[in-house]
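Q: Dropping in run.txt, with compact mmCIF, N, CA and C atoms.
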```
# COMPACT_ATOMS: atom_id res chain seq x y z
N ALA G 1 -20.49 -189.14 -17.83
CA ALA G 1 -19.68 -190.00 -18.69
C ALA G 1 -19.50 -191.38 -18.06
N ALA G 2 -19.31 -191.39 -16.73
CA ALA G 2 -19.12 -192.66 -16.04
C ALA G 2 -20.39 -193.51 -16.11
N LEU G 3 -21.53 -192.87 -16.01
CA LEU G 3 -22.79 -193.61 -16.09
C LEU G 3 -22.98 -194.21 -17.48
N ARG G 4 -22.66 -193.45 -18.51
CA ARG G 4 -22.80 -193.96 -19.87
C ARG G 4 -21.83 -195.11 -20.14
N LEU G 5 -20.62 -195.01 -19.59
CA LEU G 5 -19.66 -196.10 -19.74
C LEU G 5 -20.17 -197.36 -19.02
N ALA G 6 -20.69 -197.18 -17.82
CA ALA G 6 -21.25 -198.32 -17.08
C ALA G 6 -22.42 -198.92 -17.84
N GLU G 7 -23.24 -198.08 -18.45
CA GLU G 7 -24.39 -198.56 -19.23
C GLU G 7 -23.92 -199.39 -20.42
N ARG G 8 -22.87 -198.92 -21.08
CA ARG G 8 -22.33 -199.64 -22.24
C ARG G 8 -21.76 -201.00 -21.83
N ARG G 9 -21.10 -201.02 -20.68
CA ARG G 9 -20.44 -202.26 -20.24
C ARG G 9 -21.37 -203.19 -19.47
N ALA G 10 -22.57 -202.74 -19.18
CA ALA G 10 -23.52 -203.55 -18.41
C ALA G 10 -23.95 -204.80 -19.17
N ALA G 11 -23.84 -204.76 -20.48
CA ALA G 11 -24.21 -205.89 -21.35
C ALA G 11 -25.56 -206.46 -20.96
N GLY G 12 -25.59 -207.61 -20.31
CA GLY G 12 -26.85 -208.27 -19.98
C GLY G 12 -27.24 -208.16 -18.53
N ASP G 13 -26.60 -207.28 -17.78
CA ASP G 13 -26.89 -207.14 -16.34
C ASP G 13 -28.09 -206.22 -16.14
N ALA G 14 -29.27 -206.81 -16.10
CA ALA G 14 -30.51 -206.04 -16.01
C ALA G 14 -30.59 -205.26 -14.70
N ASP G 15 -30.08 -205.83 -13.60
CA ASP G 15 -30.13 -205.13 -12.32
C ASP G 15 -29.28 -203.87 -12.36
N LEU G 16 -28.09 -203.96 -12.94
CA LEU G 16 -27.23 -202.78 -13.07
C LEU G 16 -27.88 -201.73 -13.97
N LEU G 17 -28.48 -202.16 -15.06
CA LEU G 17 -29.16 -201.22 -15.96
C LEU G 17 -30.31 -200.51 -15.24
N ALA G 18 -31.07 -201.25 -14.44
CA ALA G 18 -32.17 -200.63 -13.69
C ALA G 18 -31.64 -199.62 -12.69
N ARG G 19 -30.55 -199.94 -12.02
CA ARG G 19 -29.96 -198.99 -11.05
C ARG G 19 -29.39 -197.76 -11.76
N LEU G 20 -28.83 -197.96 -12.94
CA LEU G 20 -28.37 -196.82 -13.73
C LEU G 20 -29.55 -195.95 -14.14
N GLY G 21 -30.66 -196.58 -14.51
CA GLY G 21 -31.87 -195.83 -14.84
C GLY G 21 -32.34 -194.98 -13.66
N GLU G 22 -32.29 -195.55 -12.46
CA GLU G 22 -32.67 -194.78 -11.27
C GLU G 22 -31.75 -193.59 -11.07
N THR G 23 -30.46 -193.81 -11.30
CA THR G 23 -29.49 -192.72 -11.13
C THR G 23 -29.71 -191.62 -12.15
N TYR G 24 -29.92 -191.99 -13.41
CA TYR G 24 -30.23 -190.99 -14.43
C TYR G 24 -31.47 -190.19 -14.03
N PHE G 25 -32.48 -190.89 -13.54
CA PHE G 25 -33.73 -190.23 -13.15
C PHE G 25 -33.48 -189.24 -12.00
N GLN G 26 -32.67 -189.64 -11.04
CA GLN G 26 -32.35 -188.76 -9.92
C GLN G 26 -31.62 -187.50 -10.37
N TYR G 27 -30.82 -187.63 -11.42
CA TYR G 27 -30.09 -186.48 -11.95
C TYR G 27 -30.89 -185.69 -12.97
N GLY G 28 -32.16 -186.10 -13.20
CA GLY G 28 -33.04 -185.33 -14.06
C GLY G 28 -32.97 -185.67 -15.54
N ASP G 29 -32.31 -186.75 -15.89
CA ASP G 29 -32.21 -187.15 -17.29
C ASP G 29 -33.21 -188.27 -17.57
N ALA G 30 -34.47 -187.90 -17.75
CA ALA G 30 -35.54 -188.88 -17.93
C ALA G 30 -35.37 -189.67 -19.22
N ARG G 31 -34.83 -189.05 -20.26
CA ARG G 31 -34.66 -189.74 -21.53
C ARG G 31 -33.68 -190.90 -21.39
N ARG G 32 -32.53 -190.66 -20.79
CA ARG G 32 -31.55 -191.74 -20.60
C ARG G 32 -32.06 -192.77 -19.59
N ALA G 33 -32.80 -192.30 -18.58
CA ALA G 33 -33.37 -193.23 -17.60
C ALA G 33 -34.32 -194.19 -18.29
N ARG G 34 -35.18 -193.66 -19.14
CA ARG G 34 -36.14 -194.51 -19.86
C ARG G 34 -35.39 -195.54 -20.71
N LYS G 35 -34.32 -195.12 -21.39
CA LYS G 35 -33.55 -196.05 -22.22
C LYS G 35 -32.93 -197.15 -21.38
N ALA G 36 -32.39 -196.78 -20.21
CA ALA G 36 -31.76 -197.78 -19.33
C ALA G 36 -32.80 -198.75 -18.79
N PHE G 37 -33.95 -198.24 -18.37
CA PHE G 37 -35.01 -199.12 -17.88
C PHE G 37 -35.49 -200.05 -18.99
N GLN G 38 -35.63 -199.52 -20.19
CA GLN G 38 -36.10 -200.33 -21.31
C GLN G 38 -35.08 -201.41 -21.67
N LYS G 39 -33.78 -201.08 -21.62
CA LYS G 39 -32.74 -202.08 -21.87
C LYS G 39 -32.81 -203.19 -20.83
N ALA G 40 -33.03 -202.79 -19.57
CA ALA G 40 -33.13 -203.79 -18.49
C ALA G 40 -34.31 -204.72 -18.74
N LEU G 41 -35.43 -204.15 -19.17
CA LEU G 41 -36.60 -204.97 -19.46
C LEU G 41 -36.36 -205.89 -20.65
N ASP G 42 -35.66 -205.40 -21.65
CA ASP G 42 -35.37 -206.21 -22.83
C ASP G 42 -34.43 -207.37 -22.48
N LYS G 43 -33.50 -207.14 -21.56
CA LYS G 43 -32.51 -208.16 -21.20
C LYS G 43 -33.10 -209.25 -20.30
N ALA G 44 -33.90 -208.85 -19.32
CA ALA G 44 -34.32 -209.83 -18.31
C ALA G 44 -35.83 -209.94 -18.16
N GLY G 45 -36.57 -209.44 -19.09
CA GLY G 45 -38.02 -209.44 -18.90
C GLY G 45 -38.37 -208.32 -17.93
N GLU G 46 -39.55 -208.39 -17.38
CA GLU G 46 -39.99 -207.31 -16.51
C GLU G 46 -39.45 -207.50 -15.09
N SER G 47 -38.99 -206.41 -14.52
CA SER G 47 -38.52 -206.42 -13.14
C SER G 47 -39.17 -205.25 -12.40
N PHE G 48 -39.33 -205.42 -11.10
CA PHE G 48 -40.00 -204.41 -10.30
C PHE G 48 -39.32 -203.05 -10.44
N ARG G 49 -38.02 -203.02 -10.27
CA ARG G 49 -37.28 -201.77 -10.28
C ARG G 49 -37.42 -201.02 -11.61
N SER G 50 -37.36 -201.73 -12.72
CA SER G 50 -37.46 -201.10 -14.03
C SER G 50 -38.86 -200.59 -14.31
N VAL G 51 -39.86 -201.41 -13.99
CA VAL G 51 -41.24 -201.00 -14.27
C VAL G 51 -41.64 -199.84 -13.37
N ARG G 52 -41.21 -199.87 -12.09
CA ARG G 52 -41.49 -198.75 -11.20
C ARG G 52 -40.82 -197.47 -11.71
N GLY G 53 -39.62 -197.60 -12.23
CA GLY G 53 -38.93 -196.45 -12.80
C GLY G 53 -39.68 -195.86 -13.98
N LEU G 54 -40.21 -196.72 -14.83
CA LEU G 54 -41.01 -196.24 -15.97
C LEU G 54 -42.28 -195.55 -15.48
N ALA G 55 -42.85 -196.04 -14.37
CA ALA G 55 -44.04 -195.38 -13.80
C ALA G 55 -43.70 -193.97 -13.33
N GLU G 56 -42.56 -193.81 -12.69
CA GLU G 56 -42.17 -192.50 -12.20
C GLU G 56 -41.87 -191.53 -13.35
N ILE G 57 -41.26 -192.04 -14.41
CA ILE G 57 -41.01 -191.19 -15.58
C ILE G 57 -42.34 -190.77 -16.20
N SER G 58 -43.26 -191.72 -16.34
CA SER G 58 -44.58 -191.40 -16.90
C SER G 58 -45.31 -190.38 -16.05
N LEU G 59 -45.16 -190.49 -14.74
CA LEU G 59 -45.78 -189.51 -13.84
C LEU G 59 -45.21 -188.12 -14.08
N ARG G 60 -43.92 -188.03 -14.22
CA ARG G 60 -43.28 -186.73 -14.47
C ARG G 60 -43.74 -186.15 -15.80
N GLU G 61 -44.03 -187.03 -16.77
CA GLU G 61 -44.48 -186.57 -18.09
C GLU G 61 -45.99 -186.33 -18.14
N GLY G 62 -46.70 -186.66 -17.05
CA GLY G 62 -48.14 -186.43 -16.99
C GLY G 62 -48.97 -187.47 -17.73
N LYS G 63 -48.42 -188.62 -17.94
CA LYS G 63 -49.12 -189.70 -18.64
C LYS G 63 -49.74 -190.64 -17.61
N ILE G 64 -50.90 -190.27 -17.09
CA ILE G 64 -51.50 -190.99 -15.97
C ILE G 64 -51.87 -192.42 -16.34
N ALA G 65 -52.36 -192.65 -17.55
CA ALA G 65 -52.71 -194.01 -17.96
C ALA G 65 -51.48 -194.91 -17.95
N HIS G 66 -50.35 -194.38 -18.36
CA HIS G 66 -49.10 -195.16 -18.33
C HIS G 66 -48.67 -195.41 -16.89
N VAL G 67 -48.85 -194.41 -16.04
CA VAL G 67 -48.51 -194.56 -14.62
C VAL G 67 -49.30 -195.72 -14.03
N ILE G 68 -50.60 -195.74 -14.30
CA ILE G 68 -51.47 -196.80 -13.77
C ILE G 68 -51.00 -198.16 -14.29
N HIS G 69 -50.73 -198.23 -15.58
CA HIS G 69 -50.29 -199.50 -16.18
C HIS G 69 -48.98 -199.98 -15.55
N HIS G 70 -48.00 -199.10 -15.42
CA HIS G 70 -46.69 -199.49 -14.90
C HIS G 70 -46.76 -199.87 -13.42
N PHE G 71 -47.51 -199.12 -12.61
CA PHE G 71 -47.63 -199.49 -11.20
C PHE G 71 -48.36 -200.82 -11.05
N SER G 72 -49.35 -201.04 -11.89
CA SER G 72 -50.07 -202.32 -11.84
C SER G 72 -49.14 -203.47 -12.20
N THR G 73 -48.31 -203.27 -13.20
CA THR G 73 -47.33 -204.29 -13.58
C THR G 73 -46.29 -204.48 -12.48
N ALA G 74 -45.82 -203.38 -11.90
CA ALA G 74 -44.83 -203.47 -10.82
C ALA G 74 -45.38 -204.27 -9.64
N ASN G 75 -46.68 -204.15 -9.40
CA ASN G 75 -47.31 -204.88 -8.30
C ASN G 75 -47.11 -206.39 -8.47
N ARG G 76 -47.19 -206.87 -9.69
CA ARG G 76 -47.01 -208.31 -9.94
C ARG G 76 -45.60 -208.78 -9.65
N PHE G 77 -44.62 -207.87 -9.74
CA PHE G 77 -43.22 -208.25 -9.55
C PHE G 77 -42.66 -207.84 -8.19
N ALA G 78 -43.49 -207.25 -7.35
CA ALA G 78 -43.05 -206.81 -6.02
C ALA G 78 -42.65 -208.02 -5.19
N GLU G 79 -41.53 -207.90 -4.51
CA GLU G 79 -40.99 -209.02 -3.76
C GLU G 79 -41.49 -209.09 -2.32
N THR G 80 -41.95 -207.99 -1.78
CA THR G 80 -42.41 -207.98 -0.39
C THR G 80 -43.86 -207.52 -0.32
N ALA G 81 -44.48 -207.84 0.79
CA ALA G 81 -45.87 -207.42 1.00
C ALA G 81 -45.98 -205.90 1.04
N ALA G 82 -44.99 -205.25 1.61
CA ALA G 82 -45.02 -203.78 1.70
C ALA G 82 -44.98 -203.15 0.31
N LEU G 83 -44.15 -203.69 -0.58
CA LEU G 83 -44.08 -203.16 -1.95
C LEU G 83 -45.37 -203.45 -2.72
N ARG G 84 -45.94 -204.62 -2.50
CA ARG G 84 -47.22 -204.93 -3.15
C ARG G 84 -48.31 -203.97 -2.68
N ARG G 85 -48.34 -203.71 -1.38
CA ARG G 85 -49.34 -202.78 -0.83
C ARG G 85 -49.12 -201.37 -1.39
N TRP G 86 -47.87 -200.93 -1.44
CA TRP G 86 -47.56 -199.59 -1.93
C TRP G 86 -47.96 -199.45 -3.40
N THR G 87 -47.59 -200.42 -4.25
CA THR G 87 -47.92 -200.31 -5.67
C THR G 87 -49.43 -200.42 -5.89
N ARG G 88 -50.10 -201.25 -5.10
CA ARG G 88 -51.57 -201.35 -5.21
C ARG G 88 -52.21 -200.01 -4.85
N ASN G 89 -51.73 -199.39 -3.77
CA ASN G 89 -52.27 -198.09 -3.37
C ASN G 89 -52.00 -197.01 -4.42
N GLU G 90 -50.82 -197.03 -5.01
CA GLU G 90 -50.50 -196.07 -6.07
C GLU G 90 -51.41 -196.28 -7.28
N THR G 91 -51.62 -197.54 -7.65
CA THR G 91 -52.50 -197.85 -8.77
C THR G 91 -53.91 -197.35 -8.50
N GLU G 92 -54.43 -197.62 -7.31
CA GLU G 92 -55.78 -197.18 -6.95
C GLU G 92 -55.89 -195.65 -6.93
N TYR G 93 -54.86 -194.98 -6.38
CA TYR G 93 -54.87 -193.52 -6.31
C TYR G 93 -54.91 -192.90 -7.70
N PHE G 94 -54.02 -193.34 -8.58
CA PHE G 94 -53.96 -192.76 -9.92
C PHE G 94 -55.16 -193.15 -10.77
N THR G 95 -55.72 -194.33 -10.53
CA THR G 95 -56.94 -194.72 -11.23
C THR G 95 -58.08 -193.79 -10.85
N ARG G 96 -58.21 -193.53 -9.55
CA ARG G 96 -59.27 -192.61 -9.10
C ARG G 96 -59.03 -191.21 -9.65
N LEU G 97 -57.79 -190.79 -9.63
CA LEU G 97 -57.43 -189.46 -10.15
C LEU G 97 -57.80 -189.36 -11.63
N ASN G 98 -57.58 -190.41 -12.37
CA ASN G 98 -57.84 -190.44 -13.80
C ASN G 98 -59.34 -190.48 -14.11
N GLU G 99 -60.12 -191.12 -13.25
CA GLU G 99 -61.54 -191.33 -13.54
C GLU G 99 -62.47 -190.28 -12.94
N ASP G 100 -62.08 -189.63 -11.86
CA ASP G 100 -62.97 -188.73 -11.11
C ASP G 100 -62.46 -187.28 -11.23
N GLU G 101 -63.14 -186.48 -12.02
CA GLU G 101 -62.70 -185.10 -12.25
C GLU G 101 -62.76 -184.25 -10.98
N ASP G 102 -63.77 -184.48 -10.14
CA ASP G 102 -63.88 -183.73 -8.88
C ASP G 102 -62.69 -184.04 -7.97
N TYR G 103 -62.31 -185.30 -7.93
CA TYR G 103 -61.17 -185.71 -7.12
C TYR G 103 -59.88 -185.08 -7.67
N MET G 104 -59.76 -185.05 -8.99
CA MET G 104 -58.59 -184.43 -9.63
C MET G 104 -58.51 -182.95 -9.25
N GLU G 105 -59.62 -182.24 -9.33
CA GLU G 105 -59.62 -180.82 -8.97
C GLU G 105 -59.26 -180.61 -7.51
N MET G 106 -59.77 -181.48 -6.64
CA MET G 106 -59.45 -181.38 -5.22
C MET G 106 -57.96 -181.61 -4.97
N GLU G 107 -57.37 -182.58 -5.65
CA GLU G 107 -55.95 -182.85 -5.50
C GLU G 107 -55.10 -181.70 -6.04
N ILE G 108 -55.50 -181.12 -7.15
CA ILE G 108 -54.77 -179.98 -7.70
C ILE G 108 -54.83 -178.80 -6.73
N SER G 109 -55.99 -178.57 -6.14
CA SER G 109 -56.12 -177.50 -5.15
C SER G 109 -55.23 -177.75 -3.95
N ARG G 110 -55.18 -179.01 -3.50
CA ARG G 110 -54.33 -179.37 -2.36
C ARG G 110 -52.86 -179.13 -2.68
N ILE G 111 -52.44 -179.52 -3.87
CA ILE G 111 -51.04 -179.34 -4.26
C ILE G 111 -50.72 -177.86 -4.38
N ASN G 112 -51.61 -177.08 -4.97
CA ASN G 112 -51.40 -175.64 -5.08
C ASN G 112 -51.28 -175.00 -3.69
N LEU G 113 -52.11 -175.45 -2.76
CA LEU G 113 -52.02 -174.93 -1.40
C LEU G 113 -50.69 -175.25 -0.76
N LEU G 114 -50.23 -176.48 -0.94
CA LEU G 114 -48.94 -176.87 -0.39
C LEU G 114 -47.80 -176.06 -1.00
N GLU G 115 -47.86 -175.85 -2.30
CA GLU G 115 -46.82 -175.06 -2.96
C GLU G 115 -46.81 -173.62 -2.45
N SER G 116 -48.00 -173.05 -2.26
CA SER G 116 -48.05 -171.66 -1.76
C SER G 116 -47.55 -171.58 -0.32
N LEU G 117 -47.81 -172.61 0.48
CA LEU G 117 -47.29 -172.63 1.86
C LEU G 117 -45.77 -172.75 1.87
N GLU G 118 -45.23 -173.51 0.95
CA GLU G 118 -43.77 -173.66 0.87
C GLU G 118 -43.10 -172.35 0.48
N ARG G 119 -43.77 -171.58 -0.40
CA ARG G 119 -43.21 -170.29 -0.81
C ARG G 119 -43.28 -169.31 0.34
```
Before we go any further, please render this structure as structure tokens.
A:
Amino acid sequence: AALRLAERRAAGDADLLARLGETYFQYGDARRARKAFQKALDKAGESFRSVRGLAEISLREGKIAHVIHHFSTANRFAETAALRRWTRNETEYFTRLNEDEDYMEMEISRINLLESLER
């Protein structure tokens, strides 16, 4: 309830809306997170935090093309060299995953192995 009240009162504060989107995402409410990120983008144009948040939501939904698009966009708005490098690497990784079926199968096998080791 407090998050929704803050979202309502955020008015034109895009940074607050982006942070609320991150909080919703952390609590597992991807639908509200997407709405908060979208409101932030509508208020202030594109921002790194909002676009990165949309990339993470798209990843959770399995929309790899959207993930690639959002990380690529986030790269343009990254404020530090480290963030630019990270978003570029994420874009390259998901692009390869999307284009190379053998690589996708290898990654799925690796993830399955890690999950079985955790169990």
Q: As a PyMOL selection string, which residues of chain G does DSSP assign to helix (DSSP H, G or I)?
A: chain G and resi 2-9+14-26+30-44+48-61+64-77+81-99+101-118
Q: For G:Ser58, find every residue with an atom within 10 Å (counting only C-alpha atoms), except residues of its own chain fewer than 5 positions away, and show them as a PyMOL selection string.
A: chain G and resi 30+34+52-53+63-70
Q: Which residues are near stretch 10-12 of chain G? Cut-off 7 Å, all atoms listed in the file, ignore same chain within fewer than 5 positions. Put them as a compact mmCIF listing (two decimals) with N, CA and C atoms, keeping the file's coordinate frame.
A:
```
# COMPACT_ATOMS: atom_id res chain seq x y z
N LEU G 5 -20.62 -195.01 -19.59
CA LEU G 5 -19.66 -196.10 -19.74
C LEU G 5 -20.17 -197.36 -19.02
N LEU G 17 -28.48 -202.16 -15.06
CA LEU G 17 -29.16 -201.22 -15.96
C LEU G 17 -30.31 -200.51 -15.24
N LYS G 43 -33.50 -207.14 -21.56
CA LYS G 43 -32.51 -208.16 -21.20
C LYS G 43 -33.10 -209.25 -20.30
N ALA G 44 -33.90 -208.85 -19.32
CA ALA G 44 -34.32 -209.83 -18.31
C ALA G 44 -35.83 -209.94 -18.16
```
Q: Hey, which of G:Gly62, G:Phe71, G:Gly28, G:Phe77 ends up closest to G:Glu46? Count only N, CA and C atoms.
A: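 Comparing G:Gly62, G:Phe71, G:Gly28, G:Phe77 against G:Glu46, the winner is G:Phe77.
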Q: Here is a test: counting only C-alpha atoms, which residue of G:Glu105, G:Glu115, G:Glu22, G:Asp13 is nearest to G:Val51?
A: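 Closest to G:Val51, using only C-alpha atoms: G:Glu22.
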Q: Provide the atom C of G:Ala74 to atom CA of G:Trp86 distance in Å, to one decimal place.
A: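 Straight-line distance from atom C of G:Ala74 to atom CA of G:Trp86 works out to 9.3 Å.
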Q: Taking 3 positions as the minimum chain separation for residues in the same chain, which residues sit within 8 Å of G:Arg32 when counting all atoms listed in the file? Answer as a PyMOL selection string.
A: chain G and resi 20-25+28-29+35-38
Q: Can you work out the spacing between atom N of G:Glu99 and atom CA of G:Ser72 in Å, to one decimal?
A: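 Result for atom N of G:Glu99 versus atom CA of G:Ser72: 15.1 Å, one decimal.
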Q: What is the distance between atom CA of G:Ile57 and atom CA of G:Asp102, in Å to one decimal?
A: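 Calculated distance between atom CA of G:Ile57 and atom CA of G:Asp102 is 25.0 Å.
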Q: Which of these residues is nearest to G:Arg60, using only C-alpha atoms: G:Arg31, G:Arg4, G:Ala40, G:Glu118?
A: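 Result for the nearest residue to G:Arg60: G:Arg31.
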